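In what follows, a single structure is set out as structure tokens and then discussed.
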Amino acid sequence: MKPSVDYHDDLLRRLKNRRYAVGYLNACLQDDDDGVFLLALRDVAQVHGGLRSIAGKTHLNREHLFRMLSKKGNPRLHSLRQLIGTFGFKLTLQAA
């Protein structure tokens with residue numbers, strides 16, 4: 001029998017691939033629950049050095065980042081742009 005692989009550990013390993021991370025974030029953005037996308041951003045942040053490191057790069061308060069990237073977070077667009085920019089990504093829109 002094959003040993004089991006922890007889902008979250010495997011997800012974090014896959015999120016190191018930029019294309020996978022973008023696909024993951026876009027898929028989570030399609031969910032009706034905004035909290036799914038925010039938690040996905042937190043997963044990507046974990047791969048990029050964690051929230052403490054990201055806080056230093058974005059000049060956002062670490063506690064603010066923790067609240068912002070919670071299931072009930074309510075980030076401002078400016079904060080989202082800063083955060084996503086640290087991953088080397090940008091926000092774009094496309095026709096539905």
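Identifiers in this document derive from the order of the structure tokens: chains are assigned A, B, ..., residues are numbered from 1 separately in each chain, and ligands are numbered from 1 in order of occurrence.
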
Would you give me, as a VMD selection string, the residues in stretch 15-58 of chain A that DSSP reads as alpha helix (DSSP H)? chain A and resid 15 18 to 29 34 to 47 50 to 58

Within 9 Å of stretch 53-62 of chain A, counting only C-alpha atoms, which residues show up once you throw out same-chain ones fewer than 4 positions away? Write them as a list in words, please.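 Result of the neighbour search: Ala45, Gln46, His48, Gly49, Phe66, Arg67, Ser79, Gln82, Leu83, Gly85 and Thr86 of chain A.
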
Neighbour list for stretch 24-41 of chain A as a ChimeraX atom specification, cut-off 12 Å, only C-alpha atoms, skip fewer than 4 positions in-chain: /A:8,11-12,14-20,45-48,50-51,54,65-76,80-81,83-87,89-94,96

Could you check the closest approach to A:Arg42 for each of A:Gly88, A:Ala95, A:Ala21, A:Leu77 and tell me which residue wins, using only C-alpha atoms?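 The answer is A:Ala21, which sits nearest to A:Arg42.
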